[in-house]
Structures are given as C-alpha cells and as structure tokens.
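Asks: My structure is in coords-v9.pdb, and what it holds is PDB, C-alpha atoms and all ligand atoms:
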```
ATOM      1  CA  MET A  15     116.957  95.380 121.876
ATOM      2  CA  LEU A  16     113.222  95.867 122.244
ATOM      3  CA  ARG A  17     113.825  98.962 124.318
ATOM      4  CA  ARG A  18     116.169 100.430 121.717
ATOM      5  CA  PHE A  19     113.579  99.718 118.976
ATOM      6  CA  SER A  20     110.754 101.410 120.854
ATOM      7  CA  LEU A  21     113.004 104.358 121.693
ATOM      8  CA  CYS A  22     113.883 104.739 118.030
ATOM      9  CA  CYS A  23     110.159 104.567 117.040
ATOM     10  CA  THR A  24     109.254 107.132 119.648
ATOM     11  CA  MET A  25     111.974 109.426 118.369
ATOM     12  CA  LEU A  26     110.837 108.947 114.745
ATOM     13  CA  ALA A  27     107.230 109.692 115.662
ATOM     14  CA  PHE A  28     108.432 112.706 117.596
ATOM     15  CA  THR A  29     110.480 113.962 114.623
ATOM     16  CA  LEU A  30     107.545 113.459 112.219
ATOM     17  CA  ALA A  31     105.171 115.230 114.585
ATOM     18  CA  ALA A  32     107.614 118.121 114.998
ATOM     19  CA  ALA A  33     108.054 118.334 111.208
ATOM     20  CA  ALA A  34     104.272 118.280 110.780
ATOM     21  CA  GLN A  35     103.933 121.260 113.122
ATOM     22  CA  ASP A  36     106.395 123.283 111.001
ATOM     23  CA  PHE A  37     104.966 122.138 107.663
ATOM     24  CA  PRO A  38     105.642 123.452 105.067
ATOM     25  CA  THR A  39     109.201 124.714 105.209
ATOM     26  CA  ARG A  40     109.836 124.271 101.464
ATOM     27  CA  ALA A  41     107.965 123.915  98.160
ATOM     28  CA  VAL A  42     105.168 121.348  97.803
ATOM     29  CA  THR A  43     104.955 119.385  94.535
ATOM     30  CA  MET A  44     101.528 118.717  93.030
ATOM     31  CA  MET A  45     101.711 115.793  90.583
ATOM     32  CA  VAL A  46      99.424 115.883  87.543
ATOM     33  CA  PRO A  47      98.662 112.587  85.763
ATOM     34  CA  TYR A  48      98.285 114.121  82.275
ATOM     35  CA  ALA A  49     100.256 116.289  79.867
ATOM     36  CA  ALA A  50     100.794 120.008  80.338
ATOM     37  CA  GLY A  51      98.287 122.236  78.571
ATOM     38  CA  GLY A  52      95.340 119.868  79.127
ATOM     39  CA  PRO A  53      92.295 120.332  81.378
ATOM     40  CA  THR A  54      93.588 118.539  84.488
ATOM     41  CA  ASP A  55      96.793 120.535  84.210
ATOM     42  CA  THR A  56      94.752 123.748  84.003
ATOM     43  CA  VAL A  57      92.804 122.971  87.190
ATOM     44  CA  ALA A  58      96.088 122.009  88.917
ATOM     45  CA  ARG A  59      97.840 125.229  87.956
ATOM     46  CA  VAL A  60      94.991 127.495  89.080
ATOM     47  CA  LEU A  61      94.739 125.648  92.402
ATOM     48  CA  ALA A  62      98.486 125.335  92.997
ATOM     49  CA  GLN A  63      99.046 129.036  92.505
ATOM     50  CA  ALA A  64      96.223 129.932  94.895
ATOM     51  CA  MET A  65      97.403 127.436  97.571
ATOM     52  CA  THR A  66     100.816 129.085  97.632
ATOM     53  CA  LYS A  67      99.532 132.050  99.656
ATOM     54  CA  PRO A  68      97.856 130.173 102.544
ATOM     55  CA  LEU A  69     100.726 127.666 102.725
ATOM     56  CA  GLY A  70     103.399 130.350 102.637
ATOM     57  CA  GLN A  71     105.408 128.142 100.236
ATOM     58  CA  THR A  72     105.281 127.610  96.491
ATOM     59  CA  VAL A  73     103.188 124.746  95.152
ATOM     60  CA  VAL A  74     104.988 123.445  92.076
ATOM     61  CA  VAL A  75     103.013 121.582  89.401
ATOM     62  CA  GLU A  76     104.805 118.557  87.983
ATOM     63  CA  ASN A  77     103.322 116.608  85.071
ATOM     64  CA  ARG A  78     103.807 112.837  85.142
ATOM     65  CA  PRO A  79     101.791 112.007  82.034
ATOM     66  CA  SER A  80     100.921 108.485  80.962
ATOM     67  CA  ALA A  81      98.056 107.139  78.913
ATOM     68  CA  GLY A  82      95.169 106.605  81.328
ATOM     69  CA  GLY A  83      96.768 108.707  84.068
ATOM     70  CA  ILE A  84      98.045 105.762  86.129
ATOM     71  CA  LEU A  85     101.680 106.798  86.557
ATOM     72  CA  ALA A  86     101.268 109.863  88.814
ATOM     73  CA  PRO A  87      99.233 107.954  91.462
ATOM     74  CA  GLN A  88     101.930 105.263  91.514
ATOM     75  CA  VAL A  89     104.620 107.910  92.018
ATOM     76  CA  VAL A  90     102.688 109.645  94.808
ATOM     77  CA  LYS A  91     101.813 106.349  96.498
ATOM     78  CA  ASN A  92     105.565 105.646  96.793
ATOM     79  CA  ALA A  93     106.592 109.184  97.771
ATOM     80  CA  LYS A  94     107.658 110.087 101.310
ATOM     81  CA  PRO A  95     104.476 110.681 103.346
ATOM     82  CA  ASP A  96     105.482 114.138 104.533
ATOM     83  CA  GLY A  97     103.052 116.355 102.572
ATOM     84  CA  TYR A  98     105.660 117.633 100.126
ATOM     85  CA  THR A  99     104.344 115.425  97.317
ATOM     86  CA  ILE A 100     100.625 115.479  96.626
ATOM     87  CA  LEU A 101      98.410 114.324  93.771
ATOM     88  CA  ILE A 102      95.567 115.905  91.878
ATOM     89  CA  HIS A 103      93.445 113.417  90.002
ATOM     90  CA  HIS A 104      89.983 113.225  88.539
ATOM     91  CA  ILE A 105      87.200 110.686  88.082
ATOM     92  CA  GLY A 106      89.862 108.278  86.787
ATOM     93  CA  MET A 107      90.733 107.423  90.405
ATOM     94  CA  ALA A 108      87.319 105.755  90.589
ATOM     95  CA  THR A 109      87.446 103.928  87.267
ATOM     96  CA  ILE A 110      91.087 102.817  87.049
ATOM     97  CA  PRO A 111      90.731 100.044  89.688
ATOM     98  CA  THR A 112      88.090  98.342  87.543
ATOM     99  CA  LEU A 113      89.610  99.160  84.154
ATOM    100  CA  TYR A 114      93.138  97.978  84.912
ATOM    101  CA  ARG A 115      94.023  94.465  85.927
ATOM    102  CA  ASN A 116      97.168  95.849  87.525
ATOM    103  CA  ALA A 117      97.058  99.587  88.155
ATOM    104  CA  GLY A 118      99.824  99.443  90.766
ATOM    105  CA  PHE A 119      97.839 101.314  93.410
ATOM    106  CA  ASP A 120      94.604 101.109  95.331
ATOM    107  CA  PRO A 121      92.855 104.495  95.425
ATOM    108  CA  LEU A 122      91.032 103.719  98.669
ATOM    109  CA  THR A 123      93.926 102.327 100.724
ATOM    110  CA  ASP A 124      97.168 103.826  99.352
ATOM    111  CA  PHE A 125      96.370 107.496  99.983
ATOM    112  CA  GLU A 126      95.310 110.063 102.531
ATOM    113  CA  PHE A 127      92.477 112.275 101.322
ATOM    114  CA  ILE A 128      92.734 116.068 101.264
ATOM    115  CA  GLY A 129      89.458 117.147  99.664
ATOM    116  CA  LEU A 130      87.177 117.461  96.658
ATOM    117  CA  VAL A 131      88.065 120.362  94.376
ATOM    118  CA  ASN A 132      85.570 120.887  91.579
ATOM    119  CA  GLU A 133      83.376 119.349  88.936
ATOM    120  CA  VAL A 134      83.807 120.032  85.234
ATOM    121  CA  PRO A 135      81.461 119.112  82.373
ATOM    122  CA  MET A 136      82.725 117.733  79.087
ATOM    123  CA  THR A 137      82.018 118.695  75.505
ATOM    124  CA  ILE A 138      81.877 116.694  72.299
ATOM    125  CA  ILE A 139      84.065 118.540  69.829
ATOM    126  CA  GLY A 140      85.250 117.893  66.271
ATOM    127  CA  LYS A 141      88.042 118.961  63.936
ATOM    128  CA  PRO A 142      87.312 122.163  62.020
ATOM    129  CA  ALA A 143      86.904 120.354  58.681
ATOM    130  CA  LEU A 144      84.335 117.870  59.972
ATOM    131  CA  PRO A 145      81.281 118.271  57.700
ATOM    132  CA  ALA A 146      78.713 117.695  60.498
ATOM    133  CA  GLY A 147      77.105 120.916  61.724
ATOM    134  CA  ASN A 148      75.221 119.500  64.718
ATOM    135  CA  LEU A 149      74.981 116.386  66.875
ATOM    136  CA  LYS A 150      72.452 114.653  64.651
ATOM    137  CA  GLU A 151      74.681 115.141  61.615
ATOM    138  CA  LEU A 152      77.738 114.058  63.615
ATOM    139  CA  ILE A 153      76.090 110.786  64.603
ATOM    140  CA  ALA A 154      74.993 110.161  60.997
ATOM    141  CA  TYR A 155      78.528 110.972  59.788
ATOM    142  CA  ILE A 156      80.129 108.612  62.319
ATOM    143  CA  LYS A 157      77.767 105.784  61.432
ATOM    144  CA  ALA A 158      78.341 106.281  57.702
ATOM    145  CA  ASN A 159      82.145 106.452  58.081
ATOM    146  CA  LYS A 160      82.736 104.212  61.064
ATOM    147  CA  ASP A 161      85.770 102.520  59.527
ATOM    148  CA  ARG A 162      87.520 105.836  58.904
ATOM    149  CA  VAL A 163      86.487 108.081  61.801
ATOM    150  CA  SER A 164      88.959 108.477  64.683
ATOM    151  CA  TYR A 165      88.287 109.420  68.305
ATOM    152  CA  ALA A 166      91.111 110.922  70.386
ATOM    153  CA  ASN A 167      91.393 110.212  74.092
ATOM    154  CA  ALA A 168      93.917 110.249  76.919
ATOM    155  CA  GLY A 169      94.083 106.461  77.245
ATOM    156  CA  VAL A 170      92.048 103.831  79.074
ATOM    157  CA  GLY A 171      90.877 105.314  82.374
ATOM    158  CA  ALA A 172      90.931 108.938  81.241
ATOM    159  CA  ALA A 173      87.754 110.984  81.375
ATOM    160  CA  SER A 174      87.883 111.270  77.592
ATOM    161  CA  HIS A 175      87.968 107.483  77.410
ATOM    162  CA  LEU A 176      84.925 107.166  79.684
ATOM    163  CA  CYS A 177      83.003 109.814  77.775
ATOM    164  CA  GLY A 178      83.872 108.131  74.469
ATOM    165  CA  MET A 179      82.783 104.779  75.858
ATOM    166  CA  LEU A 180      79.403 106.203  76.930
ATOM    167  CA  PHE A 181      78.985 108.106  73.648
ATOM    168  CA  MET A 182      79.782 105.123  71.427
ATOM    169  CA  SER A 183      77.510 102.904  73.463
ATOM    170  CA  ALA A 184      74.709 105.516  73.247
ATOM    171  CA  ILE A 185      75.014 105.722  69.445
ATOM    172  CA  GLN A 186      75.706 101.973  69.208
ATOM    173  CA  THR A 187      78.738 102.465  67.003
ATOM    174  CA  ASP A 188      82.412 101.835  67.766
ATOM    175  CA  VAL A 189      85.185 103.751  66.072
ATOM    176  CA  LEU A 190      88.964 103.721  66.145
ATOM    177  CA  THR A 191      90.373 105.389  69.274
ATOM    178  CA  VAL A 192      93.729 107.168  69.309
ATOM    179  CA  PRO A 193      95.273 107.376  72.800
ATOM    180  CA  TYR A 194      97.469 110.280  73.977
ATOM    181  CA  LYS A 195      99.160 111.031  77.313
ATOM    182  CA  GLY A 196      96.645 113.788  77.918
ATOM    183  CA  THR A 197      94.086 115.702  75.904
ATOM    184  CA  GLY A 198      96.423 118.723  75.625
ATOM    185  CA  PRO A 199      98.386 116.991  72.848
ATOM    186  CA  ALA A 200      95.177 115.389  71.549
ATOM    187  CA  MET A 201      93.666 118.865  71.181
ATOM    188  CA  ASN A 202      96.651 119.971  69.060
ATOM    189  CA  ASP A 203      96.040 117.073  66.687
ATOM    190  CA  LEU A 204      92.294 117.730  66.614
ATOM    191  CA  VAL A 205      92.793 121.396  65.731
ATOM    192  CA  GLY A 206      95.343 120.254  63.124
ATOM    193  CA  GLY A 207      92.848 117.776  61.669
ATOM    194  CA  GLN A 208      94.846 114.571  62.371
ATOM    195  CA  VAL A 209      91.969 113.081  64.420
ATOM    196  CA  ASP A 210      88.232 113.597  63.932
ATOM    197  CA  PHE A 211      86.551 114.111  67.265
ATOM    198  CA  MET A 212      86.904 113.876  71.022
ATOM    199  CA  CYS A 213      85.183 114.559  74.308
ATOM    200  CA  ASP A 214      87.066 116.786  76.702
ATOM    201  CA  GLN A 215      86.569 118.954  79.753
ATOM    202  CA  THR A 216      85.413 122.554  79.339
ATOM    203  CA  THR A 217      88.561 123.591  81.259
ATOM    204  CA  SER A 218      90.359 122.870  77.988
ATOM    205  CA  THR A 219      87.729 123.228  75.272
ATOM    206  CA  THR A 220      86.095 126.566  76.188
ATOM    207  CA  GLY A 221      88.841 128.692  74.618
ATOM    208  CA  GLN A 222      88.991 126.546  71.475
ATOM    209  CA  ILE A 223      85.204 126.604  71.071
ATOM    210  CA  LYS A 224      84.960 130.369  71.597
ATOM    211  CA  GLY A 225      87.928 130.942  69.280
ATOM    212  CA  GLY A 226      86.226 128.870  66.549
ATOM    213  CA  LYS A 227      89.182 126.451  66.443
ATOM    214  CA  VAL A 228      86.993 123.340  66.846
ATOM    215  CA  LYS A 229      83.371 122.386  66.170
ATOM    216  CA  VAL A 230      81.174 121.725  69.202
ATOM    217  CA  TYR A 231      78.270 119.276  69.303
ATOM    218  CA  GLY A 232      77.053 119.366  72.883
ATOM    219  CA  VAL A 233      77.840 119.405  76.588
ATOM    220  CA  THR A 234      77.690 116.248  78.697
ATOM    221  CA  SER A 235      76.042 117.912  81.716
ATOM    222  CA  LYS A 236      72.377 117.704  82.663
ATOM    223  CA  LYS A 237      72.003 121.475  82.252
ATOM    224  CA  ARG A 238      73.708 123.892  79.879
ATOM    225  CA  VAL A 239      76.989 125.414  81.055
ATOM    226  CA  ALA A 240      76.845 129.115  81.977
ATOM    227  CA  SER A 241      80.128 129.894  80.189
ATOM    228  CA  LEU A 242      78.889 128.222  76.966
ATOM    229  CA  PRO A 243      75.195 129.182  76.963
ATOM    230  CA  ASP A 244      74.653 128.475  73.244
ATOM    231  CA  VAL A 245      75.882 124.902  73.392
ATOM    232  CA  PRO A 246      72.978 122.476  73.929
ATOM    233  CA  THR A 247      73.264 119.441  76.179
ATOM    234  CA  LEU A 248      73.428 115.999  74.594
ATOM    235  CA  GLU A 249      70.182 115.106  76.330
ATOM    236  CA  GLU A 250      68.396 118.164  74.885
ATOM    237  CA  GLN A 251      69.360 116.837  71.463
ATOM    238  CA  GLY A 252      67.891 113.441  72.225
ATOM    239  CA  LEU A 253      71.067 111.533  73.142
ATOM    240  CA  LEU A 254      70.629 109.790  76.484
ATOM    241  CA  GLY A 255      73.209 107.814  78.447
ATOM    242  CA  ALA A 256      76.304 109.951  77.834
ATOM    243  CA  GLU A 257      75.985 112.289  80.810
ATOM    244  CA  ILE A 258      79.284 112.709  82.659
ATOM    245  CA  ALA A 259      80.896 115.203  85.041
ATOM    246  CA  VAL A 260      84.600 115.122  85.790
ATOM    247  CA  TRP A 261      85.361 115.668  89.486
ATOM    248  CA  HIS A 262      88.803 116.397  90.912
ATOM    249  CA  GLY A 263      90.321 115.543  94.276
ATOM    250  CA  LEU A 264      93.611 116.075  96.120
ATOM    251  CA  TYR A 265      95.499 113.157  97.696
ATOM    252  CA  ALA A 266      98.698 112.534  99.699
ATOM    253  CA  PRO A 267     100.640 109.302 100.298
ATOM    254  CA  LYS A 268      99.248 106.977 102.966
ATOM    255  CA  GLY A 269     100.768 107.777 106.344
ATOM    256  CA  THR A 270     101.063 111.530 105.843
ATOM    257  CA  PRO A 271     100.519 113.002 109.364
ATOM    258  CA  LYS A 272      97.048 114.340 110.097
ATOM    259  CA  ALA A 273      98.447 117.741 111.059
ATOM    260  CA  VAL A 274      99.924 118.032 107.542
ATOM    261  CA  ILE A 275      96.719 116.857 105.838
ATOM    262  CA  ASP A 276      94.774 119.426 107.876
ATOM    263  CA  LYS A 277      97.095 122.199 106.683
ATOM    264  CA  LEU A 278      96.838 121.091 103.053
ATOM    265  CA  ALA A 279      93.045 120.827 103.281
ATOM    266  CA  ALA A 280      92.808 124.287 104.869
ATOM    267  CA  ALA A 281      95.029 125.723 102.106
ATOM    268  CA  MET A 282      92.890 124.085  99.407
ATOM    269  CA  GLN A 283      89.705 125.418 101.023
ATOM    270  CA  GLN A 284      91.238 128.876 101.252
ATOM    271  CA  ALA A 285      92.301 128.711  97.593
ATOM    272  CA  LEU A 286      88.797 127.756  96.471
ATOM    273  CA  LYS A 287      87.420 130.850  98.255
ATOM    274  CA  ASP A 288      89.812 133.116  96.361
ATOM    275  CA  PRO A 289      87.729 135.361  94.027
ATOM    276  CA  ALA A 290      90.360 135.047  91.266
ATOM    277  CA  VAL A 291      90.052 131.249  91.409
ATOM    278  CA  GLN A 292      86.264 131.419  91.434
ATOM    279  CA  GLN A 293      86.303 133.701  88.389
ATOM    280  CA  LYS A 294      88.791 131.549  86.494
ATOM    281  CA  PHE A 295      86.825 128.364  87.189
ATOM    282  CA  ALA A 296      83.526 130.034  86.258
ATOM    283  CA  ASP A 297      85.016 131.209  82.946
ATOM    284  CA  LEU A 298      86.025 127.618  82.196
ATOM    285  CA  GLY A 299      82.713 126.018  83.222
ATOM    286  CA  ALA A 300      84.137 124.440  86.411
ATOM    287  CA  VAL A 301      82.065 124.401  89.597
ATOM    288  CA  SER A 302      83.850 124.195  92.964
ATOM    289  CA  TYR A 303      82.381 121.841  95.534
ATOM    290  CA  PRO A 304      80.627 123.505  98.472
ATOM    291  CA  PRO A 305      82.881 123.999 101.557
ATOM    292  CA  ASP A 306      81.438 120.987 103.414
ATOM    293  CA  MET A 307      82.633 118.741 100.562
ATOM    294  CA  GLN A 308      86.130 120.212 100.323
ATOM    295  CA  THR A 309      87.162 117.806 103.080
ATOM    296  CA  PRO A 310      89.099 114.528 103.431
ATOM    297  CA  GLN A 311      85.969 112.651 104.550
ATOM    298  CA  ALA A 312      83.865 113.907 101.629
ATOM    299  CA  LEU A 313      86.545 112.967  99.088
ATOM    300  CA  ARG A 314      86.852 109.449 100.482
ATOM    301  CA  HIS A 315      83.083 109.042 100.517
ATOM    302  CA  HIS A 316      82.683 110.396  96.976
ATOM    303  CA  LEU A 317      85.503 108.236  95.627
ATOM    304  CA  LYS A 318      83.956 105.125  97.134
ATOM    305  CA  SER A 319      80.515 105.937  95.737
ATOM    306  CA  GLU A 320      81.995 106.651  92.279
ATOM    307  CA  ILE A 321      83.867 103.317  92.327
ATOM    308  CA  ASP A 322      80.580 101.600  93.159
ATOM    309  CA  LYS A 323      78.796 103.540  90.397
ATOM    310  CA  TRP A 324      81.321 102.972  87.594
ATOM    311  CA  SER A 325      82.408  99.441  88.275
ATOM    312  CA  PRO A 326      79.222  97.747  86.941
ATOM    313  CA  ILE A 327      79.145 100.090  83.907
ATOM    314  CA  ILE A 328      82.744  99.220  83.019
ATOM    315  CA  LYS A 329      82.240  95.525  83.661
ATOM    316  CA  LYS A 330      79.198  95.569  81.389
ATOM    317  CA  ALA A 331      81.195  97.338  78.659
ATOM    318  CA  GLY A 332      83.937  94.712  79.088
ATOM    319  CA  VAL A 333      86.838  97.168  78.710
ATOM    320  CA  TYR A 334      90.051  96.148  80.458
ATOM    321  CA  ALA A 335      93.704  97.122  80.256
ATOM    322  CA  ASP A 336      96.814  95.549  81.750
TER     323      ASP A 336
HETATM  324  N1  LIG B   1      91.089 115.402  79.769
HETATM  325  C1  LIG B   1      91.938 114.296  79.983
HETATM  326  C2  LIG B   1      91.134 113.087  80.293
HETATM  327  O1  LIG B   1      90.551 112.660  79.368
HETATM  328  C3  LIG B   1      93.089 114.410  80.838
HETATM  329  C4  LIG B   1      93.922 115.631  80.638
HETATM  330  O2  LIG B   1      94.701 115.746  79.689
HETATM  331  O3  LIG B   1      93.795 116.477  81.487
HETATM  332  O4  LIG B   1      91.110 112.542  81.362
END
```
Is it possible to give me this structure as structure tokens?
Ligand code: ASP
Replies:
Amino acid sequence: MLRRFSLCCTMLAFTLAAAAQDFPTRAVTMMVPYAAGGPTDTVARVLAQAMTKPLGQTVVVENRPSAGGILAPQVVKNAKPDGYTILIHHIGMATIPTLYRNAGFDPLTDFEFIGLVNEVPMTIIGKPALPAGNLKELIAYIKANKDRVSYANAGVGAASHLCGMLFMSAIQTDVLTVPYKGTGPAMNDLVGGQVDFMCDQTTSTTGQIKGGKVKVYGVTSKKRVASLPDVPTLEEQGLLGAEIAVWHGLYAPKGTPKAVIDKLAAAMQQALKDPAVQQKFADLGAVSYPPDMQTPQALRHHLKSEIDKWSPIIKKAGVYAD
C-alpha cells in the first residue's frame, strides 16, 4: 500500500516536473481584481501583452472584480498550481489582511511570488462641476458641505479607499463614500457628475486630466509626476500625511513549480524591458521597479514590509470589513 502510494507520488512529481519543463503549452490567464477600464486593468493589459512574446503563448487578462479586490486572490489561491492562472494585484495585498476579518486568503502563505512590477502615484480628482479650483478650495468646500459631498472608491482595501482614508484623516473630515468594483466604473460616474471626488492612480486619471474631463487637485507622490508636470503634490500645497504610491506584483498559487515561476518571472522581466512598455508606463506616470526588484524574493520582502507598515495605520483608523 505504502509502496503504491510513494510510486504514485513519484509519478505525480515526475509529471509536474515534466510539465514545468514544457511550460507554457497554452494560454496563461492573468486575473485582475478590479473592473475593466480601471488603472489595475490598464497595468495588467500592458504587461500581459508584452509577456506574450517571451512566453510564446498568449497571456489573457480576466477581470474578477469585487469591491476591495478580494475575489481574484481567492480564485487564484484555489486555482491549479501549474502557472496557467496568475494574479496581478496592488498594495491591497498588504492591507487586506488587516482590513478584513475574513479575507479568505493569506497573502504571505497562499501564493508563490513572481515579482514586483511597478509603482504608480495617485491623484485627487473631482467632477467637472465641482466649484473648487485648487486643493485649498477643495478642502474648504468639503468641510463646508461634509454632509452632501461624496467620495468614490473601489471598496474597502482598494488603493482609492486607502488614499481616501489618509486624505480624510489629514483634513480631519469624513464624508460619505460610494464603493464600486473598480475605479473604472467610478470614473464614469465622476465624469458624469454622480459622485464628487476620488483619488485614483495616474494609470487611469492621466487621460481624463489631460482631456479636461475631471478637475485635478494634486498628486500623492513626494515629487511631481513627469507626465503631469503642472500638477502640484499634496505636500507642496501644505497637506501632509496623504502620501501614497500604489505598487503592483505578480503572484501564482502556492505549490506552482519553481521552474514555472522562473519562466514567468523571466517573461515579466523581459516585458518590463520592452521599450513600448516603458513608453506606455512613462506616459501614464508609472515607474517600473529596477531589475533587481522584479524578482520573487523582492516581492515577498516588499509585501511583508508593506503589511508591517500599513497594519498599525489601519488599526489606528479602526476600519474593518467582514
Ligand atoms: N484604482 C482602484 C483601486 O482603488 C482599482 C482599480 O479599479 O484598478 O484600488
């Protein structure tokens, strides 16, 4: 009995190892935790297209949106660990474990790490009809209308939620928040005037700002963003404590063979070197991590340090979801 069991395990390991050597023989699916048309989706689509060449197989983007972005990690955690289902996620991977009492996954133990992708600043933007012309006026407007003003976000755990939390704490005023399954749909409502303001990544807001579709009140980075040189930082305008950068990483289900992870990491690194990708990211204010951080070890290390950084901030703010 024991002999048959060990023979079967040996054969399974052998089959997995053989499959890992051939990987990939068909399309790879990259799961996105937010709605199509939003900033995470944009980063995913640029990366997926560029990874297709080094992998020799198509990388298909599949959106599994949910408020807060907790569904896609659950799906990938439970997927077959063969490299054909991978996850792109952002800073939310570091904040969800503290924000949710029951997220359904543990970011540090339920995944294999592929690498860090890029970092993207956020922008505070408002609906076109908002009377405030600059950050100072926006803050005064929010304080004067705090019972009527609405803030759109992508649910508890989203980057837009974190940014809103920091912003409201910095201006010491809470307003009504309206959650969406991604800031793509939230942006549509902002442009249409159904919600008043939001904070979203430049990978989504740059086009709307340049096209004059929304009002912009500042960037959340320490320095101005090269693609939006006229937009001042929040800090420059005297607002401290709302600095935030949204980082992205690639993950695979726990147990995915190392040979497969190595191939996915190499394809991601190759994609980030692609001049078309570099140009696209630069146009959208995104900064790729240096090559020595585009690795499984660096992603794990960064995730852990971000969990340690955000957990006391969230606990202090007392925000929790079930
Ligand atoms: N920007 C969103 C967030 O707040 C997510 C998205 O739609 O990409 O996390």
Asks: What's around Pro271 of chain A at 12 Å? Count only C-alpha atoms, leave out sequence neighbours fewer than 6 positions away in its own chain, and write the answer as a list in words.
Replies: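 The neighbour list is Ala27, Phe28, Thr29, Leu30, Ala31, Ala32, Ala33, Ala34, Gln35, Asp36, Phe37, Lys94, Pro95, Asp96, Gly97, Tyr98, Phe125, Glu126, Phe127, Ile128, Lys277 and Leu278 of chain A.
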Asks: Within 10 Å of ligand LIG 1 (chain B) (counting all atoms listed in the file), which residues show up? I'd like them as a PyMOL selection string.
Replies: chain A and resi 46-58+79-83+103-106+136+166-178+193-201+212-219+260
Asks: Check which residues satisfy the PyMOL selection byres (((chain A and resi 265) around 9) and not hetatm) in the file shown, then give them as a PyMOL selection string.
Replies: chain A and resi 87+90+100-103+125-129+263-264+266-268+310
Asks: Quick check on the file I pasted: which residues fall under the PyMOL selection byres (((chain A and resi 233-239) around 6) and not hetatm)? Write them as a ChimeraX atom specification.
Replies: /A:135-137,232,240-243,247-248,257-258
Asks: Write the selection just made, keeping C-alpha atoms, as a PDB file, in the frame of the given file?
Replies:
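Once everything was written out, this is selection-v7.pdb:
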```pdb
ATOM      1  CA  PRO A 135      81.461 119.112  82.373  1.00  0.00           C
ATOM      2  CA  MET A 136      82.725 117.733  79.087  1.00  0.00           C
ATOM      3  CA  THR A 137      82.018 118.695  75.505  1.00  0.00           C
ATOM      4  CA  GLY A 232      77.053 119.366  72.883  1.00  0.00           C
ATOM      5  CA  ALA A 240      76.845 129.115  81.977  1.00  0.00           C
ATOM      6  CA  SER A 241      80.128 129.894  80.189  1.00  0.00           C
ATOM      7  CA  LEU A 242      78.889 128.222  76.966  1.00  0.00           C
ATOM      8  CA  PRO A 243      75.195 129.182  76.963  1.00  0.00           C
ATOM      9  CA  THR A 247      73.264 119.441  76.179  1.00  0.00           C
ATOM     10  CA  LEU A 248      73.428 115.999  74.594  1.00  0.00           C
ATOM     11  CA  GLU A 257      75.985 112.289  80.810  1.00  0.00           C
ATOM     12  CA  ILE A 258      79.284 112.709  82.659  1.00  0.00           C
TER      13      ILE A 258
END
```
Asks: Using atom CA of Ala296 of chain A and atom CA of Gly221 of chain A as the two end points, give the distance in Å to one decimal.
Replies: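 Atom-to-atom, atom CA of Ala296 of chain A to atom CA of Gly221 of chain A, that is 12.9 Å.
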Asks: Evaluated on this file, the PyMOL selection byres (((chain A and resi 285) around 10) and not hetatm) picks out some residues - which ones are they, written as number ranges by chain?
Replies: A: 60-69, 131, 279-284, 286-292
Asks: Restricting the calculation to only C-alpha atoms, which member of A:Asp203, A:Val192, A:Leu144, A:Leu130 is positioned closest to Gln311 of chain A?
Replies: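 For Gln311 of chain A, the nearest of the candidates is A:Leu130.
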Asks: One decimal, Å: what's the distance from atom CA of Pro121 of chain A over to atom CA of Lys318 of chain A, could you say?
Replies: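 Between atom CA of Pro121 of chain A and atom CA of Lys318 of chain A the gap is 9.1 Å.
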Asks: Please identify all polymer residues within 7 Å of Ala300 of chain A, counting only C-alpha atoms, omitting same-chain residues fewer than 6 positions from it, and present them as a compact mmCIF listing (two decimals) with C-alpha atoms, in the coordinates of the input.
Replies:
```
# COMPACT_ATOMS: atom_id res chain seq x y z
CA ASN A 132 85.57 120.89 91.58
CA GLU A 133 83.38 119.35 88.94
CA VAL A 134 83.81 120.03 85.23
CA THR A 217 88.56 123.59 81.26
```
Asks: Work out how far atom CA of Ile138 of chain A is from atom CA of Ala259 of chain A, in Å to one decimal.
Replies: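 One can read the atom CA of Ala259 of chain A to atom CA of Ile138 of chain A distance as 12.9 Å.
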Asks: For each of A:Met182, A:Ala331, A:Ile139, A:Leu317, take the minimum atom-to-atom distance to Asp210 of chain A, counting all atoms listed in the file, then give the residue where this is smallest.
Replies: A:Ile139
Asks: Scan for residues within 7 Å of the point (102.9, 124.3, 96.5) in the coordinates of the file, using only C-alpha atoms, and reply as a list in words.
Replies: Ala41, Val42, Thr43, Met44, Ala62, Met65, Thr66, Gln71, Thr72, Val73 and Val74 of chain A
Asks: Given the choices A:Gln251, A:His262, A:Tyr155, A:Val228, which gets closest to Glu320 of chain A if the distance is worked out from all atoms listed in the file?
Replies: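 Once distances to Glu320 of chain A are computed over all atoms listed in the file, the minimum belongs to A:His262.
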Asks: Set the distance at 12 Å and use only C-alpha atoms: which residues neighbour Lys160 of chain A once local chain neighbours fewer than 3 positions away are removed? I'd like the list as a PDB file with C-alpha atoms, in the frame of the given file.
Replies:
```
ATOM      1  CA  LEU A 152      77.738 114.058  63.615  1.00  0.00           C
ATOM      2  CA  ILE A 153      76.090 110.786  64.603  1.00  0.00           C
ATOM      3  CA  ALA A 154      74.993 110.161  60.997  1.00  0.00           C
ATOM      4  CA  TYR A 155      78.528 110.972  59.788  1.00  0.00           C
ATOM      5  CA  ILE A 156      80.129 108.612  62.319  1.00  0.00           C
ATOM      6  CA  LYS A 157      77.767 105.784  61.432  1.00  0.00           C
ATOM      7  CA  VAL A 163      86.487 108.081  61.801  1.00  0.00           C
ATOM      8  CA  SER A 164      88.959 108.477  64.683  1.00  0.00           C
ATOM      9  CA  TYR A 165      88.287 109.420  68.305  1.00  0.00           C
ATOM     10  CA  MET A 182      79.782 105.123  71.427  1.00  0.00           C
ATOM     11  CA  ILE A 185      75.014 105.722  69.445  1.00  0.00           C
ATOM     12  CA  GLN A 186      75.706 101.973  69.208  1.00  0.00           C
ATOM     13  CA  THR A 187      78.738 102.465  67.003  1.00  0.00           C
ATOM     14  CA  ASP A 188      82.412 101.835  67.766  1.00  0.00           C
ATOM     15  CA  VAL A 189      85.185 103.751  66.072  1.00  0.00           C
ATOM     16  CA  LEU A 190      88.964 103.721  66.145  1.00  0.00           C
ATOM     17  CA  THR A 191      90.373 105.389  69.274  1.00  0.00           C
ATOM     18  CA  ASP A 210      88.232 113.597  63.932  1.00  0.00           C
TER      19      ASP A 210
END
```
Asks: Once 6 Å is added on each side, what are the centre and the three edge lengths, in Å to one decimal, of the axis-aligned box enclosing the listed atoms of segment 130-138 of chain A? Present them as lines of an AutoDock Vina configuration file.
Replies:
```
center_x = 84.8
center_y = 118.8
center_z = 84.5
size_x = 18.6
size_y = 16.2
size_z = 36.4
```
Asks: Considering only C-alpha atoms, can you say which of A:Ala86, A:Leu149, A:Val274, A:Ala93 comes closest to Val245 of chain A?
Replies: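 Between A:Ala86, A:Leu149, A:Val274, A:Ala93, the residue approaching Val245 of chain A most closely is A:Leu149.
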Asks: For a quick check of understanding, using only C-alpha atoms, which of A:Gln308, A:Thr39, A:Gln208, A:Thr270 has the smallest distance to Lys91 of chain A?
Replies: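 Looking only at the distances to Lys91 of chain A, the closest residue turns out to be A:Thr270.
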